[in-house]
>>> print(open('work-v3.txt').read())   # compact mmCIF, C-alpha atoms
# COMPACT_ATOMS: atom_id res chain seq x y z
CA MET Y 1256 2.26 12.63 -33.05
CA SER Y 1257 4.91 10.35 -34.33
CA GLU Y 1258 3.94 10.54 -37.97
CA ASP Y 1259 1.80 12.38 -40.49
CA PHE Y 1260 -0.99 10.04 -41.48
CA GLY Y 1261 -1.78 11.98 -44.66
CA THR Y 1262 -5.08 10.28 -45.48
CA VAL Y 1263 -8.11 9.73 -43.28
CA ASP Y 1264 -8.50 6.14 -42.07
CA ARG Y 1265 -11.29 5.43 -39.62
CA ARG Y 1266 -10.93 1.65 -39.56
CA PRO Y 1267 -8.43 1.52 -36.67
CA LEU Y 1268 -10.65 3.74 -34.50
CA ALA Y 1269 -13.77 1.74 -35.39
CA THR Y 1270 -12.05 -1.57 -34.66
CA VAL Y 1271 -10.66 -0.39 -31.33
CA LEU Y 1272 -14.07 0.96 -30.35
CA ALA Y 1273 -15.59 -2.44 -31.13
CA ALA Y 1274 -12.89 -4.31 -29.20
CA ASN Y 1275 -13.30 -2.01 -26.22
CA LEU Y 1276 -17.06 -2.47 -26.36
CA VAL Y 1277 -16.76 -6.26 -26.25
CA SER Y 1278 -14.12 -6.21 -23.50
CA ILE Y 1279 -16.08 -3.84 -21.29
CA ALA Y 1280 -19.25 -5.86 -21.86
CA GLY Y 1281 -17.34 -8.82 -20.46
CA ASN Y 1282 -16.24 -6.83 -17.42
CA CYS Y 1283 -19.80 -5.64 -16.83
CA LEU Y 1284 -21.12 -9.19 -16.93
CA THR Y 1285 -18.41 -10.17 -14.44
CA TYR Y 1286 -19.24 -7.41 -12.00
CA MET Y 1287 -22.95 -8.11 -12.29
CA GLY Y 1288 -22.85 -11.90 -12.30
CA VAL Y 1289 -20.32 -12.49 -9.54
CA PRO Y 1290 -21.98 -10.37 -6.79
CA TRP Y 1291 -25.32 -12.02 -7.59
CA PHE Y 1292 -23.65 -15.44 -7.52
CA VAL Y 1293 -22.24 -14.66 -4.07
CA LEU Y 1294 -25.57 -13.35 -2.76
CA GLN Y 1295 -27.39 -16.43 -4.08
CA SER Y 1296 -24.89 -18.92 -2.69
CA THR Y 1297 -24.14 -17.27 0.68
CA GLY Y 1298 -26.87 -14.69 1.33
CA SER Y 1299 -24.21 -12.39 2.77
CA ALA Y 1300 -23.81 -8.78 1.65
CA ALA Y 1301 -20.50 -8.70 3.53
CA LYS Y 1302 -19.12 -11.58 1.44
CA ALA Y 1303 -20.25 -9.83 -1.73
CA GLY Y 1304 -18.29 -6.82 -0.52
CA ILE Y 1305 -15.23 -8.97 0.18
CA VAL Y 1306 -15.29 -10.33 -3.38
CA ALA Y 1307 -15.59 -6.79 -4.74
CA PHE Y 1308 -12.61 -5.78 -2.58
CA CYS Y 1309 -10.54 -8.72 -3.86
CA THR Y 1310 -11.38 -7.73 -7.43
CA LEU Y 1311 -10.59 -4.06 -7.21
CA LEU Y 1312 -7.52 -3.99 -4.95
CA PRO Y 1313 -5.30 -5.78 -7.53
CA ALA Y 1314 -6.65 -3.42 -10.20
CA VAL Y 1315 -5.45 -0.46 -8.16
CA LEU Y 1316 -2.07 -2.06 -7.50
CA ALA Y 1317 -1.65 -2.88 -11.18
CA ALA Y 1318 -2.52 0.68 -12.19
CA LEU Y 1319 -0.03 2.02 -9.65
CA VAL Y 1320 2.96 0.26 -11.17
CA THR Y 1321 2.27 -0.79 -14.77
CA GLY Y 1322 2.60 2.50 -16.67
CA PRO Y 1323 6.25 1.93 -17.66
CA VAL Y 1324 5.50 -1.75 -18.34
CA ILE Y 1325 2.84 -0.77 -20.88
CA ASP Y 1326 5.38 1.41 -22.69
CA GLN Y 1327 8.06 -1.29 -22.57
CA MET Y 1328 5.86 -4.18 -23.75
CA GLY Y 1329 3.73 -2.13 -26.11
CA ARG Y 1330 0.08 -1.16 -25.81
CA ARG Y 1331 -1.04 -3.81 -28.30
CA ARG Y 1332 0.55 -6.71 -26.43
CA VAL Y 1333 -0.67 -5.53 -23.04
CA SER Y 1334 -4.29 -5.16 -24.15
CA VAL Y 1335 -4.38 -8.59 -25.81
CA ALA Y 1336 -2.73 -10.32 -22.84
CA SER Y 1337 -5.14 -8.57 -20.48
CA ASP Y 1338 -8.27 -9.84 -22.23
CA LEU Y 1339 -6.97 -13.39 -22.55
CA ALA Y 1340 -6.00 -13.58 -18.87
CA CYS Y 1341 -9.37 -12.19 -17.75
CA GLY Y 1342 -11.19 -14.70 -19.94
CA VAL Y 1343 -9.33 -17.65 -18.42
CA ALA Y 1344 -9.95 -16.46 -14.85
CA VAL Y 1345 -13.67 -15.85 -15.39
CA ALA Y 1346 -14.19 -19.20 -17.14
CA ALA Y 1347 -12.57 -21.01 -14.22
CA ILE Y 1348 -15.29 -19.87 -11.78
CA PRO Y 1349 -18.27 -21.77 -13.28
CA LEU Y 1350 -16.09 -24.71 -14.31
CA LEU Y 1351 -14.91 -25.18 -10.73
CA GLN Y 1352 -18.48 -24.72 -9.49
CA PHE Y 1353 -19.78 -27.39 -11.88
CA ALA Y 1354 -17.03 -29.71 -10.63
CA GLY Y 1355 -18.06 -29.09 -7.02
CA SER Y 1356 -14.61 -27.75 -6.17
CA LEU Y 1357 -15.16 -24.00 -5.89
CA GLN Y 1358 -14.35 -22.58 -2.47
CA PHE Y 1359 -14.90 -18.97 -1.42
CA TRP Y 1360 -11.17 -18.28 -1.27
CA MET Y 1361 -10.78 -19.62 -4.82
CA LEU Y 1362 -13.45 -17.22 -6.03
CA CYS Y 1363 -11.60 -14.35 -4.36
CA VAL Y 1364 -8.30 -15.37 -6.01
CA LEU Y 1365 -9.85 -15.69 -9.48
CA MET Y 1366 -11.56 -12.33 -9.19
CA ALA Y 1367 -8.26 -10.85 -8.03
CA MET Y 1368 -6.72 -12.12 -11.27
CA THR Y 1369 -9.36 -10.34 -13.34
CA GLY Y 1370 -8.67 -7.11 -11.48
CA LEU Y 1371 -4.91 -7.47 -11.84
CA PHE Y 1372 -5.05 -7.75 -15.64
CA ARG Y 1373 -8.04 -5.51 -16.37
CA ALA Y 1374 -6.53 -2.12 -15.49
CA PRO Y 1375 -3.41 -2.33 -17.72
CA GLY Y 1376 -5.52 -3.47 -20.67
CA GLU Y 1377 -7.98 -0.61 -20.35
CA THR Y 1378 -5.14 1.90 -20.01
CA ALA Y 1379 -3.33 0.48 -23.04
CA ARG Y 1380 -6.44 0.92 -25.18
CA GLY Y 1381 -7.37 4.34 -23.83
CA VAL Y 1382 -4.03 6.07 -24.40
CA LEU Y 1383 -4.27 5.39 -28.14
CA LEU Y 1384 -7.43 7.47 -28.55
CA PRO Y 1385 -5.78 10.79 -29.59
CA THR Y 1386 -3.69 8.97 -32.22
CA LEU Y 1387 -6.72 7.11 -33.55
CA ALA Y 1388 -8.78 10.32 -33.61
CA GLU Y 1389 -6.11 12.12 -35.62
CA ARG Y 1390 -5.83 9.25 -38.06
CA ALA Y 1391 -9.62 9.26 -38.44
CA GLY Y 1392 -9.65 13.03 -39.06
CA MET Y 1393 -11.96 13.50 -36.06
CA PRO Y 1394 -11.96 16.13 -33.28
CA LEU Y 1395 -10.72 14.70 -30.00
CA ALA Y 1396 -13.89 15.65 -28.11
CA ARG Y 1397 -16.00 13.71 -30.61
CA ALA Y 1398 -13.70 10.69 -30.47
CA ALA Y 1399 -13.81 10.79 -26.67
CA GLY Y 1400 -17.61 10.86 -26.84
CA LEU Y 1401 -17.64 7.87 -29.17
CA TYR Y 1402 -15.14 5.98 -27.01
CA ASP Y 1403 -17.19 6.55 -23.89
CA GLY Y 1404 -20.36 5.86 -25.87
CA ALA Y 1405 -18.97 2.47 -26.88
CA ALA Y 1406 -18.20 1.74 -23.24
CA ARG Y 1407 -21.70 2.86 -22.25
CA CYS Y 1408 -23.18 0.70 -25.01
CA ALA Y 1409 -21.27 -2.26 -23.60
CA ALA Y 1410 -22.58 -1.55 -20.12
CA LEU Y 1411 -26.09 -1.14 -21.51
CA THR Y 1412 -25.98 -4.43 -23.40
CA ALA Y 1413 -24.41 -6.36 -20.55
CA SER Y 1414 -26.72 -4.87 -17.92
CA GLY Y 1415 -29.88 -5.22 -19.98
CA LEU Y 1416 -29.18 -8.82 -20.88
CA GLY Y 1417 -27.28 -9.70 -17.72
CA GLY Y 1418 -30.19 -9.59 -15.31
CA VAL Y 1419 -32.40 -11.59 -17.66
CA LEU Y 1420 -29.64 -14.11 -18.38
CA ILE Y 1421 -28.95 -14.56 -14.67
CA ALA Y 1422 -32.64 -15.20 -14.04
CA VAL Y 1423 -32.95 -17.64 -16.98
CA LEU Y 1424 -29.55 -19.36 -17.15
CA GLY Y 1425 -28.12 -18.84 -13.69
CA ALA Y 1426 -25.06 -16.82 -12.73
CA GLU Y 1427 -22.65 -19.68 -13.50
CA ASN Y 1428 -23.66 -19.96 -17.16
CA VAL Y 1429 -23.62 -16.19 -17.58
CA LEU Y 1430 -19.97 -16.22 -16.52
CA LEU Y 1431 -19.21 -18.65 -19.36
CA VAL Y 1432 -20.77 -16.17 -21.80
CA ASP Y 1433 -18.66 -13.51 -20.13
CA ALA Y 1434 -15.45 -15.47 -20.72
CA ALA Y 1435 -16.27 -15.76 -24.42
CA THR Y 1436 -16.42 -11.97 -24.78
CA PHE Y 1437 -12.78 -11.67 -23.79
CA ALA Y 1438 -11.81 -14.28 -26.39
CA VAL Y 1439 -13.43 -12.07 -29.04
CA ALA Y 1440 -12.00 -8.74 -27.83
CA ALA Y 1441 -8.33 -9.80 -27.81
CA PRO Y 1442 -7.87 -10.63 -31.53
CA LEU Y 1443 -10.16 -7.77 -32.55
CA PHE Y 1444 -7.93 -5.19 -30.88
CA ALA Y 1445 -4.77 -6.86 -32.17
CA PHE Y 1446 -6.13 -6.60 -35.72
CA GLY Y 1447 -7.26 -3.00 -35.32
CA VAL Y 1448 -3.92 -1.51 -34.25
CA ARG Y 1449 -1.52 -3.66 -36.25
CA GLY Y 1450 1.18 -1.50 -37.79
CA LEU Y 1451 0.33 1.52 -35.62
CA PRO Y 1452 3.63 2.88 -34.22
CA GLU Y 1453 2.03 4.24 -31.04
CA ALA Y 1454 0.76 0.73 -30.21
CA GLN Y 1455 4.24 -0.76 -30.23
CA ALA Y 1456 6.93 -0.82 -27.55
CA GLN Y 1457 8.80 2.40 -26.87
CA GLU Y 1458 12.37 2.89 -27.96
CA ARG Y 1459 14.26 3.21 -24.68
CA ALA Y 1460 17.01 5.77 -24.16
CA GLU Y 1461 18.64 3.48 -21.58
CA PRO Y 1462 18.61 -0.27 -20.90
CA ALA Y 1463 15.73 -1.65 -18.88
CA SER Y 1464 16.58 -1.56 -15.19
CA LEU Y 1465 14.94 -1.02 -11.84
CA ARG Y 1466 16.39 2.49 -11.73
CA ALA Y 1467 14.94 3.36 -15.15
CA TYR Y 1468 11.60 1.85 -14.15
CA ARG Y 1469 11.43 3.95 -10.98
CA ARG Y 1470 12.32 7.10 -12.91
CA GLU Y 1471 9.65 6.46 -15.57
CA LEU Y 1472 7.06 5.55 -12.96
CA GLY Y 1473 7.77 8.75 -11.05
CA GLU Y 1474 7.35 10.87 -14.18
CA GLY Y 1475 3.66 10.07 -14.34
CA TYR Y 1476 2.97 10.94 -10.72
CA ARG Y 1477 5.06 14.11 -10.85
CA PHE Y 1478 3.11 15.27 -13.90
CA VAL Y 1479 -0.21 14.76 -12.10
CA ALA Y 1480 1.02 16.53 -8.96
CA ALA Y 1481 2.27 19.49 -11.03
CA THR Y 1482 -1.05 19.95 -12.86
CA PRO Y 1483 -3.73 21.34 -10.49
CA LEU Y 1484 -6.72 20.35 -12.60
CA LEU Y 1485 -5.56 16.75 -13.05
CA LEU Y 1486 -4.84 16.55 -9.34
CA GLY Y 1487 -8.32 17.87 -8.54
CA LEU Y 1488 -9.95 15.40 -10.92
CA CYS Y 1489 -8.06 12.55 -9.28
CA LEU Y 1490 -8.95 13.55 -5.73
CA MET Y 1491 -12.66 14.10 -6.37
CA THR Y 1492 -13.16 10.99 -8.47
CA LEU Y 1493 -11.17 9.00 -5.91
CA VAL Y 1494 -14.08 9.58 -3.53
CA THR Y 1495 -16.94 9.23 -6.01
CA ARG Y 1496 -15.60 6.04 -7.60
CA GLY Y 1497 -15.42 4.38 -4.20
CA LEU Y 1498 -18.99 5.41 -3.45
CA ASP Y 1499 -20.15 4.28 -6.91
CA GLN Y 1500 -18.57 0.90 -6.30
CA GLY Y 1501 -20.45 0.55 -3.02
CA TRP Y 1502 -23.66 1.41 -4.89
CA SER Y 1503 -23.20 -0.98 -7.80
CA ALA Y 1504 -21.61 -3.91 -5.95
CA VAL Y 1505 -23.70 -3.92 -2.77
CA LEU Y 1506 -26.34 -1.21 -2.23
CA LEU Y 1507 -28.25 -1.56 -5.49
CA PRO Y 1508 -28.16 -5.40 -5.60
CA VAL Y 1509 -29.34 -5.60 -1.98
CA HIS Y 1510 -32.09 -3.04 -2.67
CA ALA Y 1511 -33.18 -5.03 -5.73
CA ARG Y 1512 -33.23 -8.28 -3.75
CA GLU Y 1513 -35.08 -6.93 -0.69
CA GLU Y 1514 -37.39 -4.25 -2.10
CA LEU Y 1515 -37.79 -4.93 -5.83
CA ASP Y 1516 -38.13 -7.96 -8.13
CA GLY Y 1517 -34.61 -9.30 -7.85
CA ALA Y 1518 -32.19 -9.78 -10.74
CA VAL Y 1519 -34.65 -8.74 -13.46
CA ASP Y 1520 -35.29 -5.32 -11.92
CA LEU Y 1521 -31.58 -4.95 -11.24
CA GLY Y 1522 -30.87 -5.52 -14.91
CA LEU Y 1523 -33.61 -3.11 -16.01
CA LEU Y 1524 -32.36 -0.36 -13.69
CA ASN Y 1525 -28.84 -0.73 -14.99
CA ALA Y 1526 -30.19 -0.75 -18.54
CA ALA Y 1527 -32.14 2.48 -17.95
CA PHE Y 1528 -29.00 4.12 -16.64
CA GLY Y 1529 -26.94 2.70 -19.49
CA ILE Y 1530 -29.29 3.83 -22.27
CA CYS Y 1531 -29.35 7.39 -21.01
CA ALA Y 1532 -25.62 7.47 -20.27
CA LEU Y 1533 -24.95 6.28 -23.81
CA THR Y 1534 -27.25 9.01 -25.11
CA GLY Y 1535 -25.50 11.62 -23.00
CA ALA Y 1536 -22.05 10.57 -24.21
CA LEU Y 1537 -23.06 10.57 -27.88
CA VAL Y 1538 -24.87 13.91 -27.63
CA TYR Y 1539 -21.86 15.47 -25.93
CA GLY Y 1540 -19.58 14.06 -28.61
CA ALA Y 1541 -21.76 15.67 -31.28
CA VAL Y 1542 -22.41 19.10 -29.75
CA GLY Y 1543 -20.32 19.32 -26.58
CA SER Y 1544 -17.66 21.57 -28.10
CA ARG Y 1545 -20.25 24.37 -28.28
CA PHE Y 1546 -20.51 24.61 -24.49
CA ARG Y 1547 -18.12 25.51 -21.69
CA ARG Y 1548 -16.85 22.39 -19.97
CA TRP Y 1549 -16.79 23.57 -16.37
CA PRO Y 1550 -20.50 24.40 -15.89
CA VAL Y 1551 -21.61 21.32 -17.82
CA PHE Y 1552 -19.31 19.08 -15.77
CA THR Y 1553 -20.34 20.64 -12.45
CA ILE Y 1554 -24.09 20.47 -13.04
CA ALA Y 1555 -23.89 16.93 -14.42
CA PHE Y 1556 -21.99 15.66 -11.38
CA LEU Y 1557 -24.45 17.26 -8.95
CA ILE Y 1558 -27.38 15.67 -10.79
CA GLY Y 1559 -25.65 12.30 -10.98
CA GLY Y 1560 -24.72 11.97 -7.32
CA LEU Y 1561 -27.12 12.22 -4.39
CA PRO Y 1562 -30.62 11.73 -5.93
CA ARG Y 1563 -30.45 7.95 -6.58
CA PHE Y 1564 -29.45 7.24 -2.97
CA VAL Y 1565 -32.33 9.32 -1.59
CA VAL Y 1566 -34.91 7.75 -3.90
CA ALA Y 1567 -33.73 4.21 -3.10
CA ALA Y 1568 -33.83 4.96 0.63
CA PHE Y 1569 -37.41 6.28 0.61
CA THR Y 1570 -39.16 4.10 -1.96
CA ASP Y 1571 -39.67 0.37 -2.43
CA THR Y 1572 -41.08 0.56 -5.96
CA PHE Y 1573 -39.36 0.25 -9.30
CA THR Y 1574 -40.59 3.26 -11.29
CA PRO Y 1575 -39.23 6.20 -9.22
CA LEU Y 1576 -35.76 4.69 -9.06
CA ALA Y 1577 -35.83 3.86 -12.76
CA VAL Y 1578 -36.73 7.47 -13.62
CA ILE Y 1579 -34.01 8.99 -11.45
CA MET Y 1580 -31.39 6.55 -12.75
CA ALA Y 1581 -32.34 7.48 -16.30
CA VAL Y 1582 -31.89 11.19 -15.54
CA GLU Y 1583 -28.60 10.52 -13.78
CA GLY Y 1584 -27.48 8.43 -16.74
CA LEU Y 1585 -27.91 11.42 -19.06
CA ALA Y 1586 -25.85 13.54 -16.67
CA PHE Y 1587 -23.11 10.96 -16.18
CA GLY Y 1588 -22.83 10.42 -19.91
CA VAL Y 1589 -21.06 13.74 -20.40
CA LEU Y 1590 -18.54 13.34 -17.56
CA ASN Y 1591 -16.09 10.83 -19.03
CA PRO Y 1592 -15.77 12.58 -22.43
CA ILE Y 1593 -15.01 15.87 -20.67
CA MET Y 1594 -12.45 14.31 -18.34
CA ALA Y 1595 -10.86 12.34 -21.17
CA THR Y 1596 -10.58 15.37 -23.44
CA VAL Y 1597 -9.05 17.50 -20.68
CA THR Y 1598 -6.57 14.76 -19.85
CA TYR Y 1599 -5.51 14.10 -23.45
CA GLU Y 1600 -5.11 17.82 -24.10
CA THR Y 1601 -2.94 18.12 -21.02
CA VAL Y 1602 -0.65 15.09 -21.29
CA PRO Y 1603 2.06 14.66 -23.99
CA GLU Y 1604 1.80 11.46 -26.04
CA ASP Y 1605 5.04 9.99 -24.71
CA LEU Y 1606 3.80 10.27 -21.11
CA ARG Y 1607 0.23 9.07 -21.60
CA SER Y 1608 0.68 5.46 -20.48
CA ARG Y 1609 2.39 6.55 -17.28
CA VAL Y 1610 0.11 9.48 -16.52
CA LEU Y 1611 -3.10 7.58 -17.29
CA SER Y 1612 -1.89 4.68 -15.15
CA ALA Y 1613 -1.20 7.17 -12.36
CA THR Y 1614 -4.61 8.81 -12.66
CA THR Y 1615 -6.36 5.44 -12.89
CA ALA Y 1616 -4.59 4.26 -9.74
CA SER Y 1617 -5.35 7.53 -7.98
CA VAL Y 1618 -9.08 7.52 -8.70
CA GLN Y 1619 -9.39 3.82 -7.85
CA LEU Y 1620 -7.33 3.98 -4.68
CA VAL Y 1621 -10.34 3.69 -2.37
CA THR Y 1622 -12.57 1.86 -4.84
CA PRO Y 1623 -11.82 -1.59 -3.33
CA LEU Y 1624 -12.99 -0.26 0.02
CA GLY Y 1625 -16.29 0.96 -1.46
CA GLY Y 1626 -17.92 -2.43 -1.81
CA LEU Y 1627 -16.30 -3.76 1.36
CA ALA Y 1628 -17.44 -0.80 3.49
CA ALA Y 1629 -20.92 -0.78 1.96
CA GLY Y 1630 -21.36 -4.48 2.66
CA PHE Y 1631 -20.45 -4.18 6.33
CA LEU Y 1632 -22.44 -0.94 6.67
CA VAL Y 1633 -25.59 -2.63 5.34
CA ASP Y 1634 -25.12 -5.64 7.62
CA SER Y 1635 -24.61 -3.44 10.70
CA ALA Y 1636 -26.82 -0.36 10.13
CA GLY Y 1637 -29.40 -1.47 7.59
CA LEU Y 1638 -29.99 -0.49 3.99
CA PRO Y 1639 -31.89 2.85 4.36
CA PHE Y 1640 -29.27 4.41 6.66
CA SER Y 1641 -26.46 3.14 4.43
CA LEU Y 1642 -28.03 4.72 1.34
CA LEU Y 1643 -28.44 8.12 3.01
CA ALA Y 1644 -24.96 8.09 4.54
CA VAL Y 1645 -23.24 7.23 1.26
CA GLY Y 1646 -25.39 9.75 -0.63
CA GLY Y 1647 -24.45 12.53 1.80
CA VAL Y 1648 -20.74 11.93 1.30
CA TYR Y 1649 -21.31 11.88 -2.46
CA LEU Y 1650 -22.96 15.32 -2.32
CA LEU Y 1651 -19.99 16.80 -0.47
CA ALA Y 1652 -17.58 15.42 -3.08
CA THR Y 1653 -19.56 16.79 -6.02
CA LEU Y 1654 -19.43 20.32 -4.57
CA CYS Y 1655 -15.66 20.49 -5.18
CA PRO Y 1656 -15.89 22.00 -8.71
CA VAL Y 1657 -18.08 24.76 -7.27
CA ILE Y 1658 -15.75 25.57 -4.39
CA PHE Y 1659 -12.22 25.28 -5.79
CA PRO Y 1660 -11.05 27.64 -8.60
CA ALA Y 1661 -8.69 25.15 -10.31
CA TRP Y 1662 -11.69 23.47 -11.93
CA ARG Y 1663 -12.39 26.54 -14.03
CA GLN Y 1664 -9.23 25.76 -16.02
CA MET Y 1665 -11.23 23.06 -17.83
CA ASP Y 1666 -12.11 25.51 -20.59
CA ARG Y 1667 -8.52 26.47 -21.40
CA ILE Y 1668 -6.25 23.68 -20.12
CA GLY Y 1669 -4.08 22.05 -22.76
CA SER Y 1670 -3.74 25.13 -24.97
CA SER Y 1671 -0.39 26.07 -26.42
CA HIS Y 1672 -0.54 29.23 -24.30
CA ASP Y 1673 -0.71 27.17 -21.11
CA ARG Y 1674 2.43 25.22 -21.98
CA ALA Y 1675 4.23 28.32 -23.15
CA GLU Y 1676 3.47 30.01 -19.83
CA GLY Y 1677 4.64 26.94 -17.89
CA LEU Y 1678 1.19 26.06 -16.55
CA LEU Y 1679 1.58 22.52 -17.85
CA PRO Y 1680 4.61 20.26 -17.36
CA GLN Y 1681 6.61 19.26 -20.39
CA GLY Y 1682 6.93 15.76 -21.85
CA SER Y 1683 9.90 13.49 -21.37
CA GLY Y 1684 10.86 13.27 -25.02
CA VAL Y 1685 10.76 9.47 -25.24
CA LYS Y 1686 10.18 8.25 -28.79
CA ARG Y 1687 8.53 5.10 -30.10
CA VAL Y 1688 10.01 2.44 -32.30
>>> encode(input="work-v3.txt", output="structure tokens")
Amino acid sequence: MSEDFGTVDRRPLATVLAANLVSIAGNCLTYMGVPWFVLQSTGSAAKAGIVAFCTLLPAVLAALVTGPVIDQMGRRRVSVASDLACGVAVAAIPLLQFAGSLQFWMLCVLMAMTGLFRAPGETARGVLLPTLAERAGMPLARAAGLYDGAARCAALTASGLGGVLIAVLGAENVLLVDAATFAVAAPLFAFGVRGLPEAQAQERAEPASLRAYRRELGEGYRFVAATPLLLGLCLMTLVTRGLDQGWSAVLLPVHAREELDGAVDLGLLNAAFGICALTGALVYGAVGSRFRRWPVFTIAFLIGGLPRFVVAAFTDTFTPLAVIMAVEGLAFGVLNPIMATVTYETVPEDLRSRVLSATTASVQLVTPLGGLAAGFLVDSAGLPFSLLAVGGVYLLATLCPVIFPAWRQMDRIGSSHDRAEGLLPQGSGVKRV
């Protein structure tokens, strides 16, 4: 760390958790309200998939290239600018619709803007977690559980209220509520990290240039490639995130529209998942350090993958799917805290923006194709076949921690012994202002 904080101060961590909660709630409302808006206005699952593709492709591109930019501009500035830009883009959708001017291509462009600015903002907030945990006098695993718990709480709140709000107010008005959440998150984060050295721009050893940018960008990807466990995490989650996007953006909304009670059931299903995922994250934050990471991670991913697709394919009632999504929520709740803790233990502070941008880009590389492929698959092959096909691929991906030995490093990666033995790459030595 860049300084010795001396006294415990939990206010920065609490404020950043709150800001992240509000910001992610806004994103959840966006990704719930916009697909439903498209389905209502066009009736096309393929168009819903196209909008999802237009949203997520810019997010991947931004994550690919913005790591050095986050360091140069400062994590505080990037996060604030991200929320403000997302708020403007989301607000423009209902305003143009009310004016009778919204075209499908405009919707795609506006959603592309939200994707472009979302990824750098989330990375800028996330890389500060180890610093905030140390300042709060809190173990990193517990802070990671709280951070993911706040995100899960946001998803729970947005999903639980989102379906009801869509049914009562309409998707357009829900998007106005969504835009307001970003206007709250931006100043809240700016207040929480004011004066924190790690949130400011890095002191550069050389003037800003394209050559320096390429070198710094490459450092993040080289670090990931040189660390087998990080590389394995990226490759497996690359597949599962794409499949999850197909589920949330197309498969589940179409199932809710055709087999269940529409937007209300969709919101309740997401709420059931969110409540249990929040519980899982908080429980892991409290007691997770008592258990080995690898078996917990492996079992949780196997539980959280295939079952929901099978249940949705073979039932047209609400209760069985709600039960299985609740169980999967508990399992999924432990995954992000484990992955975050492993990553933070592995990556030096001065490389975090670049490495986390690289890992974010890597795991989201096929995510834009998830919704697009799912939409066309449903239109061409039908919903039951699509659910079983996607679920089968998900099962194969979640077997990776069982098959490949690199995953067993989860329980010792990041130790001083690992770095001393050269198992982990070294940091670049860049210092902050």
>>> closest_residue(input="work-v3.txt", among="Y:Val1343, Y:Cys1489, Y:Val1645, Y:Ala1317", to="Y:Val1633", atoms="all atoms listed in the file")
Y:Val1645
>>> residues_near_point(input="work-v3.txt", point="(-35.0, 7.8, -11.5)", cutoff="12 Å", atoms="all atoms listed in the file", output="ChimeraX atom specification")
/Y:1523-1525,1527-1528,1531,1558-1567,1570,1572-1586
>>> residues_near_point(input="work-v3.txt", point="(-8.9, -8.7, -16.1)", cutoff="8 Å", atoms="all atoms listed in the file", output="mmCIF file with C-alpha atoms, in the frame of the given file")
data_model
loop_
_atom_site.group_PDB
_atom_site.id
_atom_site.type_symbol
_atom_site.label_atom_id
_atom_site.label_comp_id
_atom_site.auth_asym_id
_atom_site.auth_seq_id
_atom_site.Cartn_x
_atom_site.Cartn_y
_atom_site.Cartn_z
ATOM 1 C CA ASN Y 1282 -16.240 -6.830 -17.420
ATOM 2 C CA SER Y 1337 -5.140 -8.570 -20.480
ATOM 3 C CA ASP Y 1338 -8.270 -9.840 -22.230
ATOM 4 C CA ALA Y 1340 -6.000 -13.580 -18.870
ATOM 5 C CA CYS Y 1341 -9.370 -12.190 -17.750
ATOM 6 C CA GLY Y 1342 -11.190 -14.700 -19.940
ATOM 7 C CA ALA Y 1344 -9.950 -16.460 -14.850
ATOM 8 C CA MET Y 1368 -6.720 -12.120 -11.270
ATOM 9 C CA THR Y 1369 -9.360 -10.340 -13.340
ATOM 10 C CA GLY Y 1370 -8.670 -7.110 -11.480
ATOM 11 C CA LEU Y 1371 -4.910 -7.470 -11.840
ATOM 12 C CA PHE Y 1372 -5.050 -7.750 -15.640
ATOM 13 C CA ARG Y 1373 -8.040 -5.510 -16.370
ATOM 14 C CA ALA Y 1374 -6.530 -2.120 -15.490
ATOM 15 C CA GLY Y 1376 -5.520 -3.470 -20.670
#
>>> residues_around(input="work-v3.txt", residues="stretch 1502-1507 of chain Y", least_positions_apart="5", cutoff="10 Å", atoms="all atoms listed in the file", output="PyMOL selection string")
chain Y and resi 1286-1287+1289-1291+1294+1300-1304+1306-1308+1496-1497+1512-1513+1521+1524-1525+1563-1564+1567+1625-1633+1638-1639+1641-1642+1645-1646
>>> residues_around(input="work-v3.txt", residues="Y:Pro1660", least_positions_apart="5", cutoff="10 Å", atoms="only C-alpha atoms", output="PyMOL selection string")
chain Y and resi 1483-1484+1655
>>> write_last_selection(input="work-v3.txt", atoms="C-alpha atoms", output="compact mmCIF listing (two decimals), in the coordinates of the input")
# COMPACT_ATOMS: atom_id res chain seq x y z
CA PRO Y 1483 -3.73 21.34 -10.49
CA LEU Y 1484 -6.72 20.35 -12.60
CA CYS Y 1655 -15.66 20.49 -5.18
